[in-house]
Amino acid sequence: MIPREYITELVQRSDIVDVVESYVQLRRRGRTHTGLCPFHNEKTPSFVVYPETQSFYCFGCGAGGDVITFIKRINNVDYVEAVKFLAGRAGMPLPEEDDQTGRLRTRILGANKDAARFFFTSLNSDAGRFARAYWRGRGLTDSTIRRFGLGYAPDSFHETGDHLKRLGYTEEELIAAGLLKRSEKGSTFDFFRGRVMIPIFDLRGNVIAFSGRKLDPEQPGGKYVNSPETLAYKKSRTLFALNYAKKSAERRYLLCEGNLDAISMHQAGFPTAVAGCGTALTAEQVKLLSEYADEVVLCYDSDEAGQKATKRAIELLSASPLRVSVLKIPDAKDPDEFIKKFGADRFRTLLDGSDNAIEYELAQARARYDIAAPDGRLGYLRDAIGVLAGRVTPTERDVYAGRLAEETNVEKAAILAQLDGAIRARSRRAAKQREQALLSEGAGGRIRVPYSQGGQKALGVAFAEQQLVAAILKTPEFLSLVAPRLRGDAFLDAGLGRAYTLLCEKSARGEYLDLSAISEELPDETVSLIGRILAQNYDVGISERDVEMYLDRIENSRPVSSTAAGRSAEELAEYLQTLKQKKA
Ligand SMILES: [Zn+2]
């Protein structure tokens, strides 16, 4: 961990407006600065920098945080590298190299590498014969298995851990690496057991995580198990096989659904196949891709889940400079199956003929309607105009309108007029949404609360929690009011609860309180959330009276749910009845 005083000084010497200005052209607007967001593609500015709270927030894509977060995201580096970068810029000596976090990260990488070797050796041992059969059954050759370092985690609760401990790793280090897990009773056990293993590499070729697949479907546990996020592994910033793909001169990348699909494609002679790490595509992965690729072909499965993922990916990618197309796989459920059935050459033909994203969406729309019927034609036309609006250049607009006219028998001029109307309506709507977001103090609409935690009321509580965190960051003295009445573990939003707990701890140690004081220890989404909360409260004073009101709201919400929790269904019905009567 880098010393806190160092970060405080660094942040004081790195004014967020100055730093952001070297990447984004900012215009002053009152007490804030706005510009075009560097994290998503936009034509009207929704990216705002707030000098007083030294934070930023984009109302378009939700990116937000402090100056260190900004550098992390824009340079796609981790916390320590961002700090070093800012230190260089501010002319400060680099933080002590023997920092504990850096050392632990190195140990984690070492443990992962040794674990990968162990899994590879186990694969080739007697116990690994079923795992070997599994990989062969997937059509993988020995050289592919070696190249990707595939392995087998023995079906034991301690073999992997014991081996790594013998190599000198401590239990704490192995837990930090996600290789061991601690049980509720306090003992530790191997995280990956009886699974075929795929190591996940970073761009430099370090093993940063593992993905384990169940060998025996009868065995308990999920079909896939992935390493938890660690100091070395952030899944939203990782693309599987990118370390290999980046060596290829080809700029057309194939984005696959699973890492095994990507491996099969490499073996079949497609060296630019990459895959996400068990999550939907993220903006950070898109940014990473756009550093190496000009074009991305989406090669997801043809099932419903795959099609949903395709749609989401198109939305995300259409905000990037990358050309996007979608692979249609006839007579097979995924690329892997197609290649096995028809061979790599036919797959390449498929790739070369893959539709661009708009063509894909138009085809989807056409499939929803019976074009032979007048109603069907109109429905198709309406959806098609929705697809085209805001996405095409004037020339393309003309081409597509001509094609739609042929398909639907509606005059081209009429279609062009409708399309223009849709484009105007769309930009009006976008402008209005932006404005609303900018003015929105009633942030309730963007708070997500699990249903299980009680709908509307929970929304009010979640909002109160956000406002309290904002109040403390703006006026740290308020903490003395809040701390006796609110515990971090009682927060609905666990990330925000963690932020609050950190603020309490730092305050108890007499440290300076701001977003940079806690951002290192929080997940990115929480830092973004706090960026947004600060943005929404920038022009709003939060008084002592408000703070008490929010605390009251949170406290008042508690008795009902905790009284309700212990009741049977009948008792609960009766209880709700009495509540209703009381109200009446
Ligand atoms: Zn943005």
# chains A, B, ... in the order shown; residues from 1 in each chain; ligands from 1
>>> residues_near_ligand(ligand="ligand 1", cutoff="8 Å", atoms="only C-alpha atoms and all ligand atoms", output="list in words")
Leu36, Cys37, Pro38, Phe39, His40, Asn41, Glu42, Ser46, Phe47, Tyr57, Cys58, Phe59, Gly60, Cys61, Gly62 and Ala63 of chain A
>>> write_last_selection(atoms="N, CA and C atoms", output="PDB file, in the first residue's frame")
ATOM      1  N   LEU A  36     -16.232  16.706 -24.251  1.00  0.00           N
ATOM      2  CA  LEU A  36     -16.661  15.435 -24.838  1.00  0.00           C
ATOM      3  C   LEU A  36     -16.015  14.289 -24.063  1.00  0.00           C
ATOM      4  N   CYS A  37     -16.821  13.331 -23.706  1.00  0.00           N
ATOM      5  CA  CYS A  37     -16.341  12.238 -22.859  1.00  0.00           C
ATOM      6  C   CYS A  37     -15.286  11.394 -23.582  1.00  0.00           C
ATOM      7  N   PRO A  38     -14.137  11.158 -22.947  1.00  0.00           N
ATOM      8  CA  PRO A  38     -13.121  10.320 -23.592  1.00  0.00           C
ATOM      9  C   PRO A  38     -13.423   8.829 -23.457  1.00  0.00           C
ATOM     10  N   PHE A  39     -14.443   8.480 -22.678  1.00  0.00           N
ATOM     11  CA  PHE A  39     -14.713   7.059 -22.433  1.00  0.00           C
ATOM     12  C   PHE A  39     -15.858   6.530 -23.278  1.00  0.00           C
ATOM     13  N   HIS A  40     -16.580   7.408 -23.943  1.00  0.00           N
ATOM     14  CA  HIS A  40     -17.532   6.911 -24.929  1.00  0.00           C
ATOM     15  C   HIS A  40     -17.614   7.930 -26.049  1.00  0.00           C
ATOM     16  N   ASN A  41     -18.186   7.497 -27.149  1.00  0.00           N
ATOM     17  CA  ASN A  41     -18.206   8.330 -28.341  1.00  0.00           C
ATOM     18  C   ASN A  41     -19.424   9.236 -28.292  1.00  0.00           C
ATOM     19  N   GLU A  42     -19.229  10.557 -28.344  1.00  0.00           N
ATOM     20  CA  GLU A  42     -20.400  11.435 -28.298  1.00  0.00           C
ATOM     21  C   GLU A  42     -20.133  12.716 -29.071  1.00  0.00           C
ATOM     22  N   SER A  46     -21.201  15.540 -22.423  1.00  0.00           N
ATOM     23  CA  SER A  46     -21.902  15.205 -21.190  1.00  0.00           C
ATOM     24  C   SER A  46     -20.908  14.821 -20.098  1.00  0.00           C
ATOM     25  N   PHE A  47     -19.652  15.161 -20.341  1.00  0.00           N
ATOM     26  CA  PHE A  47     -18.584  14.841 -19.386  1.00  0.00           C
ATOM     27  C   PHE A  47     -18.288  16.110 -18.576  1.00  0.00           C
ATOM     28  N   TYR A  57     -17.582  13.249 -13.736  1.00  0.00           N
ATOM     29  CA  TYR A  57     -18.673  12.314 -13.991  1.00  0.00           C
ATOM     30  C   TYR A  57     -19.183  12.508 -15.407  1.00  0.00           C
ATOM     31  N   CYS A  58     -19.467  11.389 -16.106  1.00  0.00           N
ATOM     32  CA  CYS A  58     -20.044  11.495 -17.439  1.00  0.00           C
ATOM     33  C   CYS A  58     -21.510  11.086 -17.370  1.00  0.00           C
ATOM     34  N   PHE A  59     -22.392  12.013 -17.757  1.00  0.00           N
ATOM     35  CA  PHE A  59     -23.822  11.729 -17.720  1.00  0.00           C
ATOM     36  C   PHE A  59     -24.237  10.828 -18.880  1.00  0.00           C
ATOM     37  N   GLY A  60     -23.327  10.603 -19.800  1.00  0.00           N
ATOM     38  CA  GLY A  60     -23.647   9.725 -20.916  1.00  0.00           C
ATOM     39  C   GLY A  60     -23.367   8.263 -20.606  1.00  0.00           C
ATOM     40  N   CYS A  61     -22.179   7.963 -20.059  1.00  0.00           N
ATOM     41  CA  CYS A  61     -21.826   6.557 -19.878  1.00  0.00           C
ATOM     42  C   CYS A  61     -21.631   6.178 -18.421  1.00  0.00           C
ATOM     43  N   GLY A  62     -21.712   7.163 -17.517  1.00  0.00           N
ATOM     44  CA  GLY A  62     -21.642   6.814 -16.098  1.00  0.00           C
ATOM     45  C   GLY A  62     -20.235   6.671 -15.546  1.00  0.00           C
ATOM     46  N   ALA A  63     -19.210   6.986 -16.342  1.00  0.00           N
ATOM     47  CA  ALA A  63     -17.851   6.939 -15.814  1.00  0.00           C
ATOM     48  C   ALA A  63     -17.682   8.086 -14.823  1.00  0.00           C
TER      49      ALA A  63
END
>>> residues_around(residues="segment 285-294 of chain A", least_positions_apart="3", cutoff="8 Å", atoms="only C-alpha atoms", output="list in words")
Asn76, Ser236, Arg237, Thr238, Leu239, Lys246, Glu250, Arg251, Arg252, Tyr253, Gly276, Leu281, Thr282, Leu316, Leu317, Ser320, Pro321, Leu322 and Arg323 of chain A
>>> write_last_selection(atoms="all heavy atoms", output="short mmCIF file (atom, residue, chain, number, x, y, z; two decimals), in the first residue's frame")
data_model
loop_
_atom_site.label_atom_id
_atom_site.label_comp_id
_atom_site.auth_asym_id
_atom_site.auth_seq_id
_atom_site.Cartn_x
_atom_site.Cartn_y
_atom_site.Cartn_z
N ASN A 76 -5.77 2.95 -19.11
CA ASN A 76 -5.99 1.52 -18.91
C ASN A 76 -4.86 0.89 -18.10
O ASN A 76 -4.23 -0.07 -18.51
CB ASN A 76 -6.15 0.83 -20.27
CG ASN A 76 -6.75 -0.54 -20.11
OD1 ASN A 76 -7.70 -0.71 -19.34
ND2 ASN A 76 -6.20 -1.50 -20.79
N SER A 236 -13.20 -7.06 -15.90
CA SER A 236 -13.74 -6.11 -16.88
C SER A 236 -12.63 -5.51 -17.75
O SER A 236 -12.90 -4.87 -18.75
CB SER A 236 -14.48 -4.98 -16.15
OG SER A 236 -13.57 -4.24 -15.37
N ARG A 237 -11.36 -5.70 -17.34
CA ARG A 237 -10.26 -5.13 -18.11
C ARG A 237 -9.43 -6.21 -18.79
O ARG A 237 -8.31 -5.96 -19.24
CB ARG A 237 -9.36 -4.34 -17.16
CG ARG A 237 -9.49 -2.85 -17.37
CD ARG A 237 -8.60 -2.11 -16.42
NE ARG A 237 -9.40 -1.58 -15.33
CZ ARG A 237 -8.94 -1.36 -14.11
NH1 ARG A 237 -7.70 -1.65 -13.81
NH2 ARG A 237 -9.73 -0.85 -13.21
N THR A 238 -9.95 -7.43 -18.84
CA THR A 238 -9.17 -8.53 -19.38
C THR A 238 -9.87 -9.14 -20.59
O THR A 238 -11.07 -9.32 -20.56
CB THR A 238 -9.00 -9.62 -18.30
OG1 THR A 238 -8.46 -9.01 -17.13
CG2 THR A 238 -8.06 -10.71 -18.77
N LEU A 239 -9.10 -9.42 -21.61
CA LEU A 239 -9.63 -10.17 -22.74
C LEU A 239 -8.78 -11.42 -22.90
O LEU A 239 -7.55 -11.33 -23.04
CB LEU A 239 -9.58 -9.35 -24.02
CG LEU A 239 -10.73 -8.36 -24.22
CD1 LEU A 239 -10.40 -7.41 -25.36
CD2 LEU A 239 -12.05 -9.07 -24.49
N LYS A 246 -2.44 -10.10 -30.03
CA LYS A 246 -1.77 -8.83 -30.32
C LYS A 246 -0.49 -9.03 -31.14
O LYS A 246 0.02 -8.08 -31.74
CB LYS A 246 -1.46 -8.08 -29.03
CG LYS A 246 -0.41 -8.73 -28.19
CD LYS A 246 0.06 -7.80 -27.07
CE LYS A 246 1.33 -8.38 -26.46
NZ LYS A 246 1.95 -7.58 -25.47
N GLU A 250 -2.75 -9.05 -38.20
CA GLU A 250 -4.12 -8.86 -38.66
C GLU A 250 -4.87 -7.91 -37.73
O GLU A 250 -4.69 -7.94 -36.52
CB GLU A 250 -4.82 -10.23 -38.70
CG GLU A 250 -6.02 -10.20 -39.58
CD GLU A 250 -6.58 -11.60 -39.81
OE1 GLU A 250 -5.78 -12.55 -39.92
OE2 GLU A 250 -7.81 -11.72 -39.86
N ARG A 251 -5.70 -7.05 -38.32
CA ARG A 251 -6.43 -6.07 -37.51
C ARG A 251 -7.91 -6.42 -37.39
O ARG A 251 -8.69 -5.64 -36.89
CB ARG A 251 -6.27 -4.67 -38.10
CG ARG A 251 -4.84 -4.19 -38.18
CD ARG A 251 -4.30 -3.69 -36.87
NE ARG A 251 -4.95 -2.46 -36.42
CZ ARG A 251 -4.65 -1.85 -35.28
NH1 ARG A 251 -3.74 -2.35 -34.47
NH2 ARG A 251 -5.28 -0.75 -34.95
N ARG A 252 -8.29 -7.58 -37.93
CA ARG A 252 -9.67 -8.02 -37.74
C ARG A 252 -9.71 -9.03 -36.61
O ARG A 252 -9.11 -10.10 -36.70
CB ARG A 252 -10.21 -8.65 -39.03
CG ARG A 252 -11.64 -9.16 -38.84
CD ARG A 252 -12.26 -9.57 -40.14
NE ARG A 252 -11.74 -10.86 -40.59
CZ ARG A 252 -12.12 -11.46 -41.71
NH1 ARG A 252 -12.99 -10.88 -42.50
NH2 ARG A 252 -11.61 -12.62 -42.06
N TYR A 253 -10.39 -8.68 -35.53
CA TYR A 253 -10.44 -9.56 -34.35
C TYR A 253 -11.76 -10.30 -34.30
O TYR A 253 -12.79 -9.79 -34.75
CB TYR A 253 -10.25 -8.73 -33.07
CG TYR A 253 -8.79 -8.52 -32.72
CD1 TYR A 253 -7.89 -8.05 -33.67
CD2 TYR A 253 -8.32 -8.81 -31.45
CE1 TYR A 253 -6.56 -7.88 -33.36
CE2 TYR A 253 -6.98 -8.64 -31.12
CZ TYR A 253 -6.11 -8.17 -32.08
OH TYR A 253 -4.79 -8.01 -31.76
N GLY A 276 -14.27 -12.62 -23.80
CA GLY A 276 -14.44 -11.95 -22.50
C GLY A 276 -14.17 -12.95 -21.40
O GLY A 276 -13.86 -14.10 -21.66
N LEU A 281 -19.63 -8.00 -22.40
CA LEU A 281 -18.57 -7.10 -22.85
C LEU A 281 -18.63 -5.78 -22.08
O LEU A 281 -19.71 -5.26 -21.81
CB LEU A 281 -18.79 -6.84 -24.35
CG LEU A 281 -17.66 -6.14 -25.10
CD1 LEU A 281 -16.44 -7.04 -25.15
CD2 LEU A 281 -18.12 -5.80 -26.51
N THR A 282 -17.47 -5.23 -21.71
CA THR A 282 -17.45 -3.97 -20.97
C THR A 282 -16.81 -2.86 -21.83
O THR A 282 -16.09 -3.14 -22.78
CB THR A 282 -16.62 -4.08 -19.68
OG1 THR A 282 -15.24 -4.29 -20.06
CG2 THR A 282 -17.08 -5.23 -18.82
N LEU A 316 -22.55 -1.39 -27.46
CA LEU A 316 -21.33 -0.89 -26.84
C LEU A 316 -20.28 -0.54 -27.90
O LEU A 316 -19.61 0.49 -27.82
CB LEU A 316 -20.80 -1.98 -25.90
CG LEU A 316 -19.96 -1.55 -24.72
CD1 LEU A 316 -20.67 -0.50 -23.90
CD2 LEU A 316 -19.68 -2.76 -23.85
N LEU A 317 -20.15 -1.41 -28.89
CA LEU A 317 -19.13 -1.21 -29.91
C LEU A 317 -19.47 -0.08 -30.86
O LEU A 317 -18.59 0.54 -31.45
CB LEU A 317 -18.93 -2.51 -30.71
CG LEU A 317 -18.16 -3.61 -29.96
CD1 LEU A 317 -18.44 -4.96 -30.58
CD2 LEU A 317 -16.67 -3.32 -29.98
N SER A 320 -17.65 3.04 -30.44
CA SER A 320 -16.19 3.00 -30.56
C SER A 320 -15.80 3.20 -32.02
O SER A 320 -16.65 3.11 -32.90
CB SER A 320 -15.67 1.64 -30.07
OG SER A 320 -15.86 0.67 -31.08
N PRO A 321 -14.52 3.45 -32.28
CA PRO A 321 -14.12 3.61 -33.68
C PRO A 321 -14.06 2.28 -34.45
O PRO A 321 -13.78 2.27 -35.65
CB PRO A 321 -12.73 4.23 -33.57
CG PRO A 321 -12.24 3.89 -32.22
CD PRO A 321 -13.43 3.71 -31.34
N LEU A 322 -14.32 1.18 -33.78
CA LEU A 322 -14.17 -0.13 -34.43
C LEU A 322 -15.31 -0.40 -35.41
O LEU A 322 -16.46 -0.08 -35.15
CB LEU A 322 -14.19 -1.22 -33.36
CG LEU A 322 -12.97 -1.29 -32.46
CD1 LEU A 322 -13.29 -2.04 -31.19
CD2 LEU A 322 -11.83 -1.96 -33.20
N ARG A 323 -14.97 -1.02 -36.55
CA ARG A 323 -16.02 -1.53 -37.44
C ARG A 323 -16.54 -2.83 -36.84
O ARG A 323 -15.76 -3.65 -36.37
CB ARG A 323 -15.44 -1.82 -38.83
CG ARG A 323 -15.36 -0.61 -39.73
CD ARG A 323 -15.25 -1.02 -41.20
NE ARG A 323 -14.22 -2.02 -41.44
CZ ARG A 323 -12.92 -1.75 -41.48
NH1 ARG A 323 -12.50 -0.52 -41.29
NH2 ARG A 323 -12.04 -2.71 -41.70
#
>>> residues_around(residues="Ile554 of chain A", least_positions_apart="3", cutoff="9 Å", atoms="only C-alpha atoms", output="PyMOL selection string")
chain A and resi 458+460-462+464-465+486+549-551+557-558
>>> write_last_selection(atoms="all heavy atoms", output="short mmCIF file (atom, residue, chain, number, x, y, z; two decimals), in the first residue's frame")
data_model
loop_
_atom_site.label_atom_id
_atom_site.label_comp_id
_atom_site.auth_asym_id
_atom_site.auth_seq_id
_atom_site.Cartn_x
_atom_site.Cartn_y
_atom_site.Cartn_z
N ALA A 458 -37.12 0.98 -0.12
CA ALA A 458 -35.68 0.75 -0.23
C ALA A 458 -35.05 1.82 -1.11
O ALA A 458 -33.94 2.28 -0.86
CB ALA A 458 -35.42 -0.63 -0.81
N GLY A 460 -35.93 4.90 -1.33
CA GLY A 460 -35.76 6.07 -0.46
C GLY A 460 -34.54 5.90 0.42
O GLY A 460 -33.76 6.83 0.61
N VAL A 461 -34.33 4.69 0.93
CA VAL A 461 -33.20 4.44 1.81
C VAL A 461 -31.90 4.51 1.03
O VAL A 461 -30.93 5.13 1.46
CB VAL A 461 -33.35 3.05 2.50
CG1 VAL A 461 -32.09 2.71 3.27
CG2 VAL A 461 -34.56 3.06 3.40
N ALA A 462 -31.90 3.89 -0.15
CA ALA A 462 -30.68 3.91 -0.97
C ALA A 462 -30.31 5.36 -1.32
O ALA A 462 -29.13 5.73 -1.31
CB ALA A 462 -30.89 3.10 -2.24
N ALA A 464 -31.06 8.00 0.49
CA ALA A 464 -30.56 8.60 1.72
C ALA A 464 -29.10 8.22 1.96
O ALA A 464 -28.27 9.05 2.33
CB ALA A 464 -31.43 8.18 2.90
N GLU A 465 -28.77 6.94 1.70
CA GLU A 465 -27.37 6.49 1.88
C GLU A 465 -26.44 7.29 0.98
O GLU A 465 -25.37 7.75 1.39
CB GLU A 465 -27.25 5.00 1.52
CG GLU A 465 -27.89 4.07 2.54
CD GLU A 465 -27.93 2.63 2.05
OE1 GLU A 465 -27.58 2.37 0.87
OE2 GLU A 465 -28.31 1.76 2.86
N LEU A 486 -25.19 5.20 12.11
CA LEU A 486 -25.23 4.38 10.89
C LEU A 486 -23.99 3.52 10.78
O LEU A 486 -22.87 3.99 10.98
CB LEU A 486 -25.33 5.31 9.67
CG LEU A 486 -25.50 4.64 8.30
CD1 LEU A 486 -26.79 3.85 8.22
CD2 LEU A 486 -25.48 5.70 7.19
N MET A 549 -32.46 14.24 8.49
CA MET A 549 -33.63 13.70 7.81
C MET A 549 -33.28 12.36 7.12
O MET A 549 -34.02 11.39 7.21
CB MET A 549 -34.12 14.70 6.77
CG MET A 549 -35.37 14.28 6.05
SD MET A 549 -35.66 15.40 4.68
CE MET A 549 -34.42 14.88 3.52
N TYR A 550 -32.11 12.33 6.46
CA TYR A 550 -31.71 11.09 5.79
C TYR A 550 -31.50 9.98 6.81
O TYR A 550 -31.88 8.83 6.59
CB TYR A 550 -30.44 11.31 4.96
CG TYR A 550 -30.64 12.24 3.78
CD1 TYR A 550 -29.78 13.30 3.55
CD2 TYR A 550 -31.72 12.05 2.92
CE1 TYR A 550 -29.97 14.15 2.47
CE2 TYR A 550 -31.92 12.90 1.85
CZ TYR A 550 -31.03 13.95 1.63
OH TYR A 550 -31.23 14.79 0.57
N LEU A 551 -30.87 10.33 7.93
CA LEU A 551 -30.65 9.32 8.97
C LEU A 551 -31.99 8.80 9.49
O LEU A 551 -32.17 7.60 9.69
CB LEU A 551 -29.82 9.91 10.11
CG LEU A 551 -28.33 10.08 9.81
CD1 LEU A 551 -27.67 10.95 10.86
CD2 LEU A 551 -27.64 8.72 9.74
N SER A 557 -36.93 2.97 8.30
CA SER A 557 -37.21 1.86 7.38
C SER A 557 -36.89 0.52 8.03
O SER A 557 -37.27 -0.51 7.55
CB SER A 557 -36.38 2.01 6.12
OG SER A 557 -35.07 1.58 6.40
N ARG A 558 -36.14 0.55 9.13
CA ARG A 558 -35.65 -0.72 9.66
C ARG A 558 -36.68 -1.54 10.41
O ARG A 558 -36.85 -2.70 10.10
CB ARG A 558 -34.44 -0.47 10.56
CG ARG A 558 -33.18 -0.54 9.75
CD ARG A 558 -31.97 -0.37 10.61
NE ARG A 558 -30.90 0.21 9.82
CZ ARG A 558 -30.12 1.18 10.24
NH1 ARG A 558 -30.29 1.70 11.45
NH2 ARG A 558 -29.18 1.64 9.48
#
>>> residues_around(residues="Tyr369 of chain A", least_positions_apart="2", cutoff="7 Å", atoms="only C-alpha atoms", output="mmCIF file with N, CA and C atoms, in the first residue's frame")
data_model
loop_
_atom_site.group_PDB
_atom_site.id
_atom_site.type_symbol
_atom_site.label_atom_id
_atom_site.label_comp_id
_atom_site.auth_asym_id
_atom_site.auth_seq_id
_atom_site.Cartn_x
_atom_site.Cartn_y
_atom_site.Cartn_z
ATOM 1 N N ARG A 366 -36.545 -7.967 -39.987
ATOM 2 C CA ARG A 366 -37.320 -8.551 -41.082
ATOM 3 C C ARG A 366 -37.876 -9.902 -40.660
ATOM 4 N N ALA A 367 -37.097 -10.643 -39.882
ATOM 5 C CA ALA A 367 -37.526 -11.976 -39.478
ATOM 6 C C ALA A 367 -38.730 -11.930 -38.539
ATOM 7 N N ILE A 371 -43.549 -10.188 -44.366
ATOM 8 C CA ILE A 371 -43.424 -9.064 -45.279
ATOM 9 C C ILE A 371 -44.481 -9.119 -46.395
ATOM 10 N N GLY A 376 -47.463 -6.434 -41.853
ATOM 11 C CA GLY A 376 -46.109 -6.905 -41.606
ATOM 12 C C GLY A 376 -45.081 -5.953 -42.210
ATOM 13 N N GLY A 379 -44.842 -2.859 -40.054
ATOM 14 C CA GLY A 379 -44.128 -3.174 -38.812
ATOM 15 C C GLY A 379 -42.626 -3.232 -39.060
ATOM 16 N N TYR A 380 -42.266 -3.919 -40.139
ATOM 17 C CA TYR A 380 -40.855 -4.047 -40.497
ATOM 18 C C TYR A 380 -40.242 -2.668 -40.767
#
>>> select_by_dssp(residues="segment 164-259 of chain A", states="strand (DSSP E or B)", output="CSV table (one decimal) with C-alpha atoms, in the first residue's frame")
chain,number,residue,atom,x,y,z
A,180,LEU,CA,-7.3,-21.0,-1.6
A,181,LYS,CA,-10.6,-20.2,0.1
A,182,ARG,CA,-11.3,-19.9,3.8
A,188,THR,CA,-8.6,-23.3,4.1
A,189,PHE,CA,-9.2,-25.4,1.1
A,190,ASP,CA,-8.4,-25.5,-2.6
A,195,ARG,CA,-11.6,-29.3,-12.9
A,196,VAL,CA,-9.9,-28.8,-16.3
A,197,MET,CA,-8.1,-25.5,-16.1
A,198,ILE,CA,-7.5,-22.7,-18.5
A,199,PRO,CA,-5.0,-20.0,-17.3
A,200,ILE,CA,-5.9,-16.4,-18.1
A,201,PHE,CA,-2.9,-14.3,-19.2
A,207,VAL,CA,-0.9,-15.8,-15.4
A,208,ILE,CA,-3.5,-13.5,-13.7
A,209,ALA,CA,-6.4,-15.9,-13.1
A,210,PHE,CA,-7.9,-19.3,-14.0
A,211,SER,CA,-11.1,-20.6,-15.5
A,212,GLY,CA,-12.0,-24.1,-14.3
A,213,ARG,CA,-14.5,-26.3,-16.0
A,214,LYS,CA,-16.3,-29.2,-14.4
A,224,TYR,CA,-17.6,-23.0,-14.9
A,225,VAL,CA,-15.7,-21.5,-12.0
A,226,ASN,CA,-13.5,-18.5,-12.4
A,230,THR,CA,-7.6,-10.1,-7.2
A,233,TYR,CA,-7.0,-9.7,-12.0
A,240,PHE,CA,-8.7,-13.8,-23.0
A,252,ARG,CA,-9.7,-8.0,-37.7
A,253,TYR,CA,-10.4,-9.6,-34.4
A,254,LEU,CA,-12.9,-12.3,-33.6
A,255,LEU,CA,-14.8,-11.9,-30.4
A,256,CYS,CA,-16.0,-15.2,-29.0
